[in-house]
Structure formats: C-alpha cells, structure tokens
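As provided, upload26.tsv (TSV, C-alpha atoms) reads as follows.
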chain	number	residue	atom	x	y	z
X	1	MET	CA	-9.08	28.53	59.29
X	2	SER	CA	-9.91	25.14	60.87
X	3	ASP	CA	-7.36	23.21	62.87
X	4	ALA	CA	-7.05	20.65	60.05
X	5	LEU	CA	-6.12	23.29	57.48
X	6	ALA	CA	-3.87	25.05	59.98
X	7	ASN	CA	-1.71	21.96	60.14
X	8	ALA	CA	-1.96	21.07	56.42
X	9	VAL	CA	0.98	21.51	54.07
X	10	CYS	CA	1.26	21.91	50.30
X	11	GLU	CA	1.89	18.63	48.44
X	12	ARG	CA	4.59	20.25	46.32
X	13	CYS	CA	6.52	22.68	48.52
X	14	HIS	CA	5.49	21.18	51.89
X	15	SER	CA	4.89	24.68	53.33
X	16	ARG	CA	1.90	25.69	55.38
X	17	PHE	CA	-0.95	27.73	53.99
X	18	ASP	CA	-1.66	31.37	54.77
X	19	PRO	CA	-5.13	31.78	56.29
X	20	THR	CA	-6.12	34.29	53.57
X	21	GLU	CA	-4.73	32.55	50.47
X	22	ARG	CA	-6.62	30.38	47.97
X	23	ILE	CA	-6.03	26.64	48.30
X	24	VAL	CA	-6.35	24.13	45.45
X	25	ASN	CA	-7.86	20.73	46.38
X	26	SER	CA	-7.23	17.96	43.82
X	27	ASN	CA	-8.56	14.56	44.86
X	28	GLY	CA	-7.85	15.33	48.53
X	29	GLU	CA	-4.37	16.77	47.84
X	30	LEU	CA	-3.87	20.44	48.79
X	31	TYR	CA	-1.70	22.89	46.86
X	32	HIS	CA	-0.80	26.54	46.88
X	33	GLU	CA	-2.33	28.03	43.77
X	34	ASN	CA	1.16	28.74	42.39
X	35	CYS	CA	2.32	25.23	43.26
X	36	PHE	CA	-0.43	23.46	41.31
X	37	VAL	CA	1.55	23.31	38.05
X	38	CYS	CA	2.66	20.88	35.32
X	39	ALA	CA	5.39	18.48	36.50
X	40	GLN	CA	7.29	19.08	33.25
X	41	CYS	CA	7.04	22.78	32.33
X	42	PHE	CA	6.06	24.11	35.84
X	43	ARG	CA	3.31	26.26	34.36
X	44	GLN	CA	-0.23	26.46	35.61
X	45	PHE	CA	-2.76	24.30	33.77
X	46	PRO	CA	-4.64	26.17	31.00
X	47	GLU	CA	-8.34	26.34	31.92
X	48	GLY	CA	-7.62	23.98	34.81
X	49	LEU	CA	-7.20	20.96	32.47
X	50	PHE	CA	-4.52	18.41	33.39
X	51	TYR	CA	-3.56	14.77	32.78
X	52	GLU	CA	-2.39	12.51	35.57
X	53	PHE	CA	0.07	9.69	34.91
X	54	GLU	CA	2.00	7.64	37.50
X	55	GLY	CA	1.09	10.08	40.29
X	56	ARG	CA	2.27	13.20	38.46
X	57	LYS	CA	0.17	15.84	36.74
X	58	TYR	CA	0.93	17.28	33.30
X	59	CYS	CA	-0.52	19.91	31.01
X	60	GLU	CA	-2.00	18.63	27.78
X	61	HIS	CA	0.99	19.60	25.61
X	62	ASP	CA	3.62	17.95	27.79
X	63	PHE	CA	1.52	14.85	28.39
X	64	GLN	CA	1.17	14.32	24.63
X	65	MET	CA	4.86	14.93	24.01
X	66	LEU	CA	5.95	12.56	26.79
X	67	PHE	CA	3.41	9.75	26.83
X	68	ALA	CA	0.66	9.96	24.22
X	69	PRO	CA	1.24	7.71	21.15
X	70	CYS	CA	0.70	8.90	17.58
X	71	CYS	CA	-2.00	7.37	15.39
X	72	GLY	CA	-0.65	5.27	12.52
X	73	GLU	CA	-3.38	6.63	10.22
X	74	CYS	CA	-3.84	10.36	10.90
X	75	GLY	CA	-0.52	11.02	12.72
X	76	GLU	CA	-2.26	12.90	15.56
X	77	PHE	CA	-1.68	12.28	19.28
X	78	ILE	CA	-4.07	9.75	20.82
X	79	ILE	CA	-5.78	10.82	24.03
X	80	GLY	CA	-8.12	8.24	25.50
X	81	ARG	CA	-8.60	4.77	24.11
X	82	VAL	CA	-5.72	3.42	22.02
X	83	ILE	CA	-5.84	0.49	19.61
X	84	LYS	CA	-2.49	-1.32	19.47
X	85	ALA	CA	-2.29	-3.52	16.39
X	86	MET	CA	-0.06	-4.20	13.38
X	87	ASN	CA	2.96	-2.88	15.33
X	88	ASN	CA	1.31	0.53	15.54
X	89	ASN	CA	-1.11	2.68	17.56
X	90	TRP	CA	-4.47	3.89	16.28
X	91	HIS	CA	-7.45	6.01	17.21
X	92	PRO	CA	-10.46	3.65	17.43
X	93	GLU	CA	-12.12	5.59	14.61
X	94	CYS	CA	-8.95	5.45	12.47
X	95	PHE	CA	-8.38	1.70	12.65
X	96	ARG	CA	-10.53	0.55	9.73
X	97	CYS	CA	-10.77	-2.28	7.23
X	98	GLU	CA	-8.60	-1.45	4.23
X	99	ILE	CA	-11.29	-2.64	1.80
X	100	CYS	CA	-14.75	-1.69	3.13
X	101	ASP	CA	-13.58	1.02	5.61
X	102	VAL	CA	-15.64	-0.35	8.51
X	103	ALA	CA	-14.28	0.50	12.01
X	104	LEU	CA	-12.44	-2.51	13.47
X	105	ALA	CA	-11.95	-1.37	17.08
X	106	ASP	CA	-14.88	-3.38	18.44
X	107	LEU	CA	-15.07	-6.04	15.70
X	108	GLY	CA	-11.56	-7.46	15.73
X	109	PHE	CA	-9.58	-7.93	12.54
X	110	VAL	CA	-7.72	-10.44	10.42
X	111	LYS	CA	-4.22	-9.78	9.16
X	112	ASN	CA	-2.88	-10.50	5.70
X	113	ALA	CA	-6.10	-11.70	4.07
X	114	GLY	CA	-5.48	-15.35	4.70
X	115	SER	CA	-3.15	-15.65	7.70
X	116	SER	CA	-4.06	-16.51	11.26
X	117	ASP	CA	-5.94	-14.07	13.44
X	118	LEU	CA	-3.82	-11.70	15.49
X	119	ALA	CA	-4.50	-10.37	18.94
X	120	LEU	CA	-6.18	-7.00	19.14
X	121	LYS	CA	-4.99	-5.23	22.27
X	122	GLU	CA	-6.83	-2.22	23.69
X	123	LEU	CA	-5.35	0.27	26.10
X	124	SER	CA	-7.12	3.12	27.89
X	125	PHE	CA	-5.00	6.13	28.80
X	126	VAL	CA	-5.93	8.52	31.60
X	127	PHE	CA	-8.68	10.96	30.82
X	128	PRO	CA	-8.52	14.72	31.47
X	129	SER	CA	-9.73	15.96	34.83
X	130	GLN	CA	-10.82	19.41	35.99
X	131	LEU	CA	-8.88	21.55	38.49
X	132	GLU	CA	-11.20	20.58	41.34
X	133	GLY	CA	-11.57	17.21	39.68
X	134	HIS	CA	-11.42	13.65	40.76
X	135	LYS	CA	-8.91	10.89	40.68
X	136	ALA	CA	-7.83	9.86	37.23
X	137	ASP	CA	-8.90	6.52	35.90
X	138	GLN	CA	-6.45	3.72	35.98
X	139	GLU	CA	-5.21	2.09	32.82
X	140	ASP	CA	-7.51	-0.56	31.47
X	141	HIS	CA	-5.85	-3.32	29.49
X	142	LYS	CA	-8.06	-5.75	27.61
X	143	ASN	CA	-6.01	-8.51	26.07
X	144	HIS	CA	-7.45	-10.88	23.54
X	145	ASP	CA	-4.92	-13.71	23.46
X	146	ASN	CA	-4.23	-15.26	20.12
X	147	HIS	CA	-1.23	-16.18	18.06
X	148	PHE	CA	0.16	-15.92	14.58
X	149	ASP	CA	1.98	-18.98	13.37
X	150	GLY	CA	3.39	-17.57	10.15
X	151	PHE	CA	6.85	-16.98	11.62
X	152	PHE	CA	8.87	-17.99	8.59
X	153	LEU	CA	6.53	-16.16	6.24
X	154	GLU	CA	6.94	-13.02	8.35
X	155	MET	CA	10.74	-13.33	8.15
X	156	PHE	CA	10.53	-13.58	4.36
X	157	LEU	CA	8.18	-10.61	4.08
X	158	ASN	CA	10.39	-8.47	6.31
X	159	SER	CA	13.25	-9.04	3.88
X	160	VAL	CA	11.19	-7.65	0.97
X	161	PRO	CA	9.65	-4.29	2.00
X	162	ALA	CA	7.47	-3.88	-1.09
X	163	LEU	CA	6.01	-7.34	-0.66
X	164	GLN	CA	5.54	-6.77	3.04
X	165	ALA	CA	3.53	-3.59	2.39
X	166	ALA	CA	1.28	-5.41	-0.07
X	167	TYR	CA	0.81	-8.39	2.23
X	168	ASN	CA	0.30	-6.66	5.59
X	169	GLN	CA	-3.34	-5.65	5.50
X	170	HIS	CA	-5.85	-5.40	8.32
X	171	LEU	CA	-9.30	-6.48	7.17
X	172	CYS	CA	-12.65	-7.17	8.75
X	173	ARG	CA	-13.59	-10.83	8.71
X	174	PRO	CA	-16.16	-10.59	5.85
X	175	CYS	CA	-13.62	-8.84	3.58
X	176	HIS	CA	-10.93	-11.32	4.61
X	177	ASN	CA	-13.18	-14.22	3.67
X	178	ARG	CA	-14.08	-12.62	0.35
X	179	GLU	CA	-10.41	-12.05	-0.52
X	180	LYS	CA	-9.53	-15.58	0.48
X	181	ALA	CA	-12.43	-17.01	-1.54
X	182	LYS	CA	-11.40	-14.91	-4.54
X	183	GLY	CA	-7.89	-16.32	-4.37
X	184	LEU	CA	-9.26	-19.87	-4.20
X	185	GLY	CA	-11.80	-19.25	-6.96
X	186	LYS	CA	-14.73	-19.99	-4.62
X	187	TYR	CA	-17.90	-18.24	-3.46
X	188	ILE	CA	-18.44	-16.55	-0.09
X	189	CYS	CA	-21.68	-17.05	1.84
X	190	GLN	CA	-23.51	-13.76	2.24
X	191	LYS	CA	-25.11	-14.89	5.50
X	192	CYS	CA	-22.27	-16.39	7.57
X	193	HIS	CA	-19.45	-14.80	5.46
X	194	LEU	CA	-17.55	-18.09	5.28
X	195	ILE	CA	-16.13	-19.76	2.18
X	196	ILE	CA	-18.49	-22.12	0.36
X	197	ASP	CA	-16.54	-25.31	-0.39
X	198	GLU	CA	-19.39	-27.10	-2.17
X	199	GLN	CA	-21.79	-25.84	-4.84
X	200	PRO	CA	-23.46	-22.59	-3.63
X	201	LEU	CA	-27.15	-21.82	-3.51
X	202	MET	CA	-27.79	-18.69	-5.59
X	203	PHE	CA	-30.59	-16.54	-4.15
X	204	ARG	CA	-31.35	-13.02	-5.37
X	205	ASN	CA	-28.04	-13.00	-7.23
X	206	ASP	CA	-26.06	-13.76	-4.04
X	207	SER	CA	-24.35	-16.99	-2.96
X	208	TYR	CA	-25.19	-18.88	0.23
X	209	HIS	CA	-24.62	-22.20	1.96
X	210	PRO	CA	-27.75	-24.19	1.03
X	211	ASP	CA	-28.30	-25.37	4.63
X	212	HIS	CA	-29.14	-21.82	5.71
X	213	PHE	CA	-32.55	-22.18	4.02
X	214	SER	CA	-35.56	-24.50	4.07
X	215	CYS	CA	-38.15	-25.20	1.39
X	216	THR	CA	-41.07	-22.76	1.62
X	217	HIS	CA	-43.55	-25.57	0.85
X	218	CYS	CA	-42.33	-28.72	2.64
X	219	GLY	CA	-39.84	-27.23	5.12
X	220	LYS	CA	-36.96	-29.53	4.16
X	221	GLU	CA	-33.38	-28.28	4.26
X	222	LEU	CA	-32.43	-27.06	0.80
X	223	THR	CA	-29.60	-28.10	-1.49
X	224	ALA	CA	-27.85	-26.20	-4.27
X	225	ASP	CA	-30.58	-27.45	-6.67
X	226	ALA	CA	-33.23	-25.28	-4.94
X	227	ARG	CA	-35.35	-23.01	-7.13
X	228	GLU	CA	-36.37	-19.41	-6.52
X	229	LEU	CA	-39.93	-18.35	-7.32
X	230	LYS	CA	-41.43	-14.95	-6.51
X	231	GLY	CA	-38.80	-14.28	-3.85
X	232	GLU	CA	-39.23	-17.68	-2.16
X	233	LEU	CA	-37.08	-20.82	-2.26
X	234	TYR	CA	-38.37	-24.32	-2.99
X	235	CYS	CA	-36.74	-27.73	-3.13
X	236	LEU	CA	-36.57	-29.27	-6.58
X	237	PRO	CA	-39.43	-31.81	-6.11
X	238	CYS	CA	-41.84	-29.16	-4.79
X	239	HIS	CA	-40.91	-26.77	-7.58
X	240	ASP	CA	-41.35	-29.38	-10.31
X	241	LYS	CA	-44.88	-30.09	-9.09
X	242	MET	CA	-45.78	-26.46	-9.83
X	243	GLY	CA	-45.16	-26.96	-13.58
X	244	ILE	CA	-43.16	-23.75	-13.94
X	245	PRO	CA	-40.73	-23.60	-16.90
X	246	ILE	CA	-37.00	-23.44	-16.14
X	247	CYS	CA	-34.66	-21.22	-18.15
X	248	GLY	CA	-32.12	-23.21	-20.17
X	249	ALA	CA	-29.41	-20.65	-19.34
X	250	CYS	CA	-29.73	-19.67	-15.67
X	251	ARG	CA	-31.77	-22.69	-14.51
X	252	ARG	CA	-34.19	-20.38	-12.71
X	253	PRO	CA	-37.99	-20.28	-13.02
X	254	ILE	CA	-39.48	-18.21	-15.84
X	255	GLU	CA	-42.30	-16.10	-14.45
X	256	GLY	CA	-42.92	-13.84	-17.46
X	257	ARG	CA	-42.56	-14.23	-21.21
X	258	VAL	CA	-41.05	-17.55	-22.35
X	259	VAL	CA	-38.91	-18.16	-25.44
X	260	ASN	CA	-39.14	-21.69	-26.86
X	261	ALA	CA	-36.09	-22.58	-28.96
X	262	LEU	CA	-33.48	-25.33	-29.35
X	263	GLY	CA	-35.81	-27.70	-27.53
X	264	LYS	CA	-35.62	-25.61	-24.34
X	265	GLN	CA	-37.32	-22.66	-22.68
X	266	TRP	CA	-35.55	-19.37	-21.96
X	267	HIS	CA	-35.93	-16.00	-20.31
X	268	VAL	CA	-36.15	-13.42	-23.09
X	269	GLU	CA	-32.96	-11.73	-21.92
X	270	HIS	CA	-31.09	-15.07	-21.60
X	271	PHE	CA	-31.73	-16.35	-25.14
X	272	VAL	CA	-28.62	-14.91	-26.78
X	273	CYS	CA	-26.28	-15.37	-29.74
X	274	ALA	CA	-23.63	-18.02	-28.99
X	275	LYS	CA	-20.97	-15.72	-30.47
X	276	CYS	CA	-21.71	-12.12	-29.36
X	277	GLU	CA	-24.02	-13.02	-26.42
X	278	LYS	CA	-26.52	-10.32	-27.38
X	279	PRO	CA	-30.18	-11.26	-26.72
X	280	PHE	CA	-32.31	-11.78	-29.82
X	281	LEU	CA	-35.30	-9.98	-28.24
X	282	GLY	CA	-37.68	-11.46	-30.78
X	283	HIS	CA	-35.41	-11.03	-33.81
X	284	ARG	CA	-34.64	-13.93	-36.13
X	285	HIS	CA	-32.01	-16.44	-35.05
X	286	TYR	CA	-30.17	-19.20	-36.88
X	287	GLU	CA	-29.47	-22.64	-35.41
X	288	LYS	CA	-26.34	-24.71	-35.94
X	289	LYS	CA	-25.32	-27.82	-33.96
X	290	GLY	CA	-27.61	-27.01	-31.05
X	291	LEU	CA	-26.55	-23.36	-30.77
X	292	ALA	CA	-28.31	-20.16	-31.78
X	293	TYR	CA	-26.62	-17.33	-33.73
X	294	CYS	CA	-27.62	-13.89	-34.88
X	295	GLU	CA	-27.66	-13.41	-38.65
X	296	THR	CA	-24.34	-11.53	-38.71
X	297	HIS	CA	-22.33	-14.14	-36.83
X	298	TYR	CA	-24.05	-17.09	-38.46
X	299	ASN	CA	-23.00	-15.75	-41.84
X	300	GLN	CA	-19.47	-15.03	-40.61
X	301	LEU	CA	-19.05	-18.52	-39.21
X	302	PHE	CA	-21.06	-20.66	-41.62
X	303	GLY	CA	-22.27	-18.46	-44.49
X	304	ASP	CA	-21.23	-18.38	-48.20
X	305	VAL	CA	-18.64	-15.95	-49.56
X	306	CYS	CA	-19.60	-13.95	-52.65
X	307	TYR	CA	-17.42	-14.78	-55.68
X	308	ASN	CA	-17.55	-11.15	-56.83
X	309	CYS	CA	-17.02	-9.02	-53.67
X	310	SER	CA	-15.45	-11.72	-51.44
X	311	HIS	CA	-17.72	-10.74	-48.50
X	312	VAL	CA	-19.90	-13.08	-46.47
X	313	ILE	CA	-23.33	-13.10	-48.08
X	314	GLU	CA	-25.97	-11.65	-45.76
X	315	GLY	CA	-29.46	-12.48	-46.92
X	316	ASP	CA	-30.39	-14.44	-50.03
X	317	VAL	CA	-27.71	-16.34	-51.95
X	318	VAL	CA	-27.61	-16.74	-55.75
X	319	SER	CA	-26.06	-20.09	-56.67
X	320	ALA	CA	-24.88	-20.12	-60.29
X	321	LEU	CA	-21.89	-21.35	-62.29
X	322	ASN	CA	-20.93	-23.52	-59.28
X	323	LYS	CA	-20.38	-20.36	-57.22
X	324	ALA	CA	-22.24	-18.20	-54.65
X	325	TRP	CA	-23.14	-14.58	-55.31
X	326	CYS	CA	-24.78	-11.68	-53.50
X	327	VAL	CA	-28.06	-10.72	-55.15
X	328	ASN	CA	-26.60	-7.32	-56.07
X	329	CYS	CA	-23.31	-8.78	-57.29
X	330	PHE	CA	-24.83	-11.29	-59.73
X	331	SER	CA	-24.73	-9.21	-62.92
X	332	CYS	CA	-23.43	-9.31	-66.48
X	333	SER	CA	-19.66	-8.99	-66.46
X	334	THR	CA	-19.82	-6.91	-69.65
X	335	CYS	CA	-22.70	-4.43	-69.24
X	336	ASN	CA	-23.25	-4.82	-65.46
X	337	ILE	CA	-26.99	-5.32	-65.80
X	338	LYS	CA	-28.40	-7.26	-62.85
X	339	LEU	CA	-29.30	-10.88	-63.51
X	340	THR	CA	-31.49	-13.46	-61.85
X	341	LEU	CA	-31.68	-17.18	-62.31
X	342	LYS	CA	-34.70	-16.58	-64.57
X	343	ASN	CA	-32.57	-14.60	-67.04
X	344	LYS	CA	-30.64	-16.31	-69.84
X	345	PHE	CA	-26.89	-15.95	-69.49
X	346	VAL	CA	-23.68	-17.62	-70.64
X	347	GLU	CA	-20.50	-18.32	-68.69
X	348	PHE	CA	-17.47	-16.43	-69.99
X	349	ASP	CA	-14.21	-16.26	-68.09
X	350	MET	CA	-15.98	-17.88	-65.10
X	351	LYS	CA	-18.47	-14.99	-64.99
X	352	PRO	CA	-22.01	-14.54	-66.31
X	353	VAL	CA	-22.70	-12.68	-69.57
X	354	CYS	CA	-26.24	-11.64	-70.53
X	355	LYS	CA	-27.80	-12.79	-73.80
X	356	LYS	CA	-27.54	-9.36	-75.48
X	357	CYS	CA	-23.80	-9.07	-74.79
X	358	TYR	CA	-23.26	-12.68	-75.86
X	359	GLU	CA	-24.85	-11.97	-79.25
X	360	LYS	CA	-22.27	-9.22	-79.82
X	361	PHE	CA	-19.35	-11.64	-79.36
X	362	PRO	CA	-17.35	-12.66	-82.52
X	363	LEU	CA	-18.62	-15.83	-84.25
X	364	GLU	CA	-15.43	-17.80	-83.51
X	365	LEU	CA	-15.64	-16.94	-79.82
X	366	LYS	CA	-19.24	-18.05	-79.65
X	367	LYS	CA	-18.38	-21.37	-81.35
X	368	ARG	CA	-15.57	-21.95	-78.85
X	369	LEU	CA	-17.83	-21.17	-75.88
X	370	LYS	CA	-20.48	-23.52	-77.25
X	371	LYS	CA	-17.95	-26.34	-77.61
X	372	LEU	CA	-16.68	-25.80	-74.06
X	373	SER	CA	-20.26	-25.89	-72.79
X	374	GLU	CA	-20.88	-29.23	-74.57
X	375	LEU	CA	-17.72	-30.74	-73.10
X	376	ALA	CA	-18.77	-29.64	-69.61
X	377	THR	CA	-22.19	-31.20	-70.15
X	378	LYS	CA	-20.62	-34.53	-71.21
X	379	LYS	CA	-18.50	-34.61	-68.03
X	380	THR	CA	-21.52	-33.86	-65.89
X	381	HIS	CA	-23.96	-36.36	-67.52
X	382	PRO	CA	-21.84	-39.09	-69.19
X	383	LYS	CA	-24.47	-41.87	-69.00
X	384	ALA	CA	-27.19	-39.75	-70.52
X	385	LEU	CA	-24.91	-38.90	-73.45
X	386	ASP	CA	-24.07	-42.59	-74.05
X	387	LEU	CA	-27.77	-43.47	-74.26
X	388	ASN	CA	-28.45	-40.70	-76.75
X	389	SER	CA	-25.52	-41.78	-78.98
X	390	ALA	CA	-26.70	-45.38	-78.90

Can the structure in the file be given as structure tokens, please?
Amino acid sequence: MSDALANAVCERCHSRFDPTERIVNSNGELYHENCFVCAQCFRQFPEGLFYEFEGRKYCEHDFQMLFAPCCGECGEFIIGRVIKAMNNNWHPECFRCEICDVALADLGFVKNAGSSDLALKELSFVFPSQLEGHKADQEDHKNHDNHFDGFFLEMFLNSVPALQAAYNQHLCRPCHNREKAKGLGKYICQKCHLIIDEQPLMFRNDSYHPDHFSCTHCGKELTADARELKGELYCLPCHDKMGIPICGACRRPIEGRVVNALGKQWHVEHFVCAKCEKPFLGHRHYEKKGLAYCETHYNQLFGDVCYNCSHVIEGDVVSALNKAWCVNCFSCSTCNIKLTLKNKFVEFDMKPVCKKCYEKFPLELKKRLKKLSELATKKTHPKALDLNSA
C-alpha cells in the first residue's frame, strides 16, 4: 500500500484502511466497502446506484421518499428534470396542453385561456451516479420571470372550487388563442396563431391575417377581398382581369361547372334551397323574391292547399269553383269519377258533380241549382246583364 493510502482514512468512520481490504473511491472520497451506504437506511447501494444531495448519498428509494417530488399528472416520483407550474410538479413529458396534448416543457404555456402568461420554472435534480462514479451535477434553475395580474380573480376562483377547476387550465399558445377567439366570436390566424380583429382572409378553408400574403400576379400585399384560384391568391383587380366567374354564395372563383340562376353564378354544390339548404344538383328549382326553393318547400311556403284533402298541392293545380284542387282530388262528389276542366260539371254543395249524376237529381233540385247559378252569374257580370235586358 502506498504512503498516501497508508495515511488515508474512511470518510464515514474515519478509520484507517487495512492493506488487504477493498476500498471504494467516490469522486476522490475513500470508504470502507461496508461504510459506503445510504445516509438514511445505512444499507449498501443496490447495483452501486446512488443519488447525492447536499453532500450526502442516498439509495434510490430513500431519495425519492425524502426529496423527489410527485408528478401532478401520473403521480409517480420525478427523478431528473422537474417542471414546476400551476402550483404543482410535473414530468416534462406529463406537462401537456389540456386541449391538443402537445408537450409544454420547452414551449411555455398560458394559464386560464385568457389570463396573463405565468412563469414556467424548470428545476434539474441530481442524476444517478455509479459506485465508482463522478461528482453529481448541481441543481440547475432556469427562471423565466413573468407575472400574473389577476389577483382579485384568483381570490374569487379560490372561493369556488368547481369554478376554479374549470378555469385553471394550462394550454399551449395556439390553443389559448383559439379558445380566446372562440369566446370573442372571432377567427384565429393559422399562420401566427393570433386573433384576427379585422375581416380574415380565407385560404384553403382556413383563416389568416391578409398581410401574411401577397398577390401571385402583381406582388401587392393582399386584403380580405383576395381571391383564390388553383391554389394561388390574387388581389381583386388582378383576379377580375382574368374573367373568372365568382360564386354568389362563397365569393370564390368557379373553376368547374357553373350554375346560372337568380342573376348570379354559383358552384353546383353552393346553389341550394333557401329553406332546407340542399343543393339542387340540376333538379328543378322555384324562384320567389330573389330566392330559390326546392319544389317541396316552395309548395309548403307559397303553394295552394287542396280543398278536398287539405294538403299543399305538389305539381299541377286544378282551379275550379273558386277553389284549388289536386289533379287526383278533383272528382265528382257523387260517383267519384275523375274530372278535368274539359268535362261538364255542376257545382253542388260547393263541390263538383258530373253531368250523369246531375241528370239523376230530382227536377226541383235541378231548378233550384239553375236559379242559384243564374244569380251567381248576375253578381259576377252585372253590366253585361243590363245590356242584354235593355
């Protein structure tokens, strides 16, 4: 044994070493093999693995029990990097946006979907070392200073636990902006993820700030009136020079089949019934006060009601006896034979009667019906009757 080891003493028991015994060297500190034990349970380290904290060494179990925080998501001990946020501790992989589930450890987060940003503090605990290992890493604190000015709101929320649970969310910034925009009834820009205060530019069914884009033809900064054509954006003047029809519904260019109706041009799928919003797809439509309707809803809203069945008449209407009838409902009220306006019929009890059934009526009834018919004719054409009598 060298002179240096002959004078060396154990760090724990301060006794000298026997020349034949095994010596443990940990970062320059010498121990008897039986003295190199956990500072809490005094047992040797399983597989030589230990954790060092404040100059003392601990086995994994005791280190976790004494110092390691529990994750607010999975409930497991956290060894290594710890995220301290929302009055809790988290594994970096467990601290995620509550909406899109993206990891927030390196992105930062926003609390309460509309409140001020909060500081995200990161803390690195000591890492495990081997028996013949090296000095443990020191704690690494990275503080991102910020503040939260909702003091009075926080006091109110703390007094109502259910409300506090619903309000205290940790979100990534894009989700926070979307939730805030939703609450304000506004769009969120899909490029910068900020709220769009003015009219948005719609491109490929997504909303953007118009100033993120330039006209493909002239290079000018675009406005919300820009037009999309074959995946490219154009300012309104450049687009109008191309002579491309614009859909009357979505205000976008029509590149395929065009429907011309109501004095406008439409995408086939956008020319729909004003009531049920189903596309006509080439089927017949009915116009009323500048709007288009399918046959069913046009009849329901504006059609005639059959005097016989009391249903809205779909299809042709028979107008007779100052009433409207379905084609199938206009029949003799006595024998039920179907009638048309070309057939001869007589009104009886406000209903039509065919000529054959009329001939079978008693003579007095026929005279009475004839007299009533003459009186109705006089009321309808009084001047013509006066001329004839003169």

Can you pull out the residues contacting Arg204 (chain X)? Cut-off 9 Å, using all atoms listed in the file, and skip same-chain residues under 2 positions away; I want them as a PyMOL selection string.
chain X and resi 202+206-207+228+231

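Taking all atoms listed in the file, the non-local environment of Phe280 (chain X) within 10 Å (same-chain residues fewer than 3 positions away omitted) comprises Val268, Glu269, His270, Phe271, Val272, Cys273, Glu277, His283, Arg284, His285, Ala292, Tyr293 and Cys294 of chain X.
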
Output C-alpha atoms for every residue in that selection, as a compact mmCIF listing (two decimals), in the coordinates of the input.
# COMPACT_ATOMS: atom_id res chain seq x y z
CA VAL X 268 -36.15 -13.42 -23.09
CA GLU X 269 -32.96 -11.73 -21.92
CA HIS X 270 -31.09 -15.07 -21.60
CA PHE X 271 -31.73 -16.35 -25.14
CA VAL X 272 -28.62 -14.91 -26.78
CA CYS X 273 -26.28 -15.37 -29.74
CA GLU X 277 -24.02 -13.02 -26.42
CA HIS X 283 -35.41 -11.03 -33.81
CA ARG X 284 -34.64 -13.93 -36.13
CA HIS X 285 -32.01 -16.44 -35.05
CA ALA X 292 -28.31 -20.16 -31.78
CA TYR X 293 -26.62 -17.33 -33.73
CA CYS X 294 -27.62 -13.89 -34.88

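Excluding Asn308 (chain X) and any residue on its chain fewer than 2 positions from it, the residues at most 8 Å away by all atoms listed in the file are Cys306, Ser310, Trp325, Cys326, Cys329 and Phe330 of chain X.
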
Distance query Val346 (chain X) at most 12 Å, all atoms listed in the file, self and fewer than 2 positions along chain excluded, as a VMD selection string:
chain X and resid 320 to 321 331 to 334 339 341 343 to 344 348 to 359 361 366 369 to 370 372 to 373

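Atom pair CA of Leu363 (chain X) / CA of Asn322 (chain X): separated by 26.2 Å.
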
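Comparing the minimum interatomic distances between Val102 (chain X) and each of X:Pro200, X:Pro174, X:Gly183, X:Gly75, counting only C-alpha atoms, we find that X:Pro174 sits nearest.
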
Skipping near chain neighbours, those fewer than 4 positions away, what residues fall within 8 Å of region 239-250 of chain X using all atoms listed in the file, listed as a VMD selection string?
chain X and resid 227 234 to 235 254 to 255 264 to 267 270 to 271

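With only C-alpha atoms as the atoms that count, the minimum distance from Arg81 (chain X) to the choices X:Tyr298, X:Ile99, X:Asp106, X:Glu232 is reached by X:Asp106.
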
What's the separation between CA of Leu222 (chain X) and CA of Leu236 (chain X), in Å to one decimal place?
8.7 Å

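Between CA of Lys84 (chain X) and CA of Ala103 (chain X) lies a distance of 14.1 Å.
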
Of the listed residues X:Ile23, X:Cys238, X:Ile79, X:Ala324, that which approaches Ala8 (chain X) most closely, counting only C-alpha atoms
X:Ile23
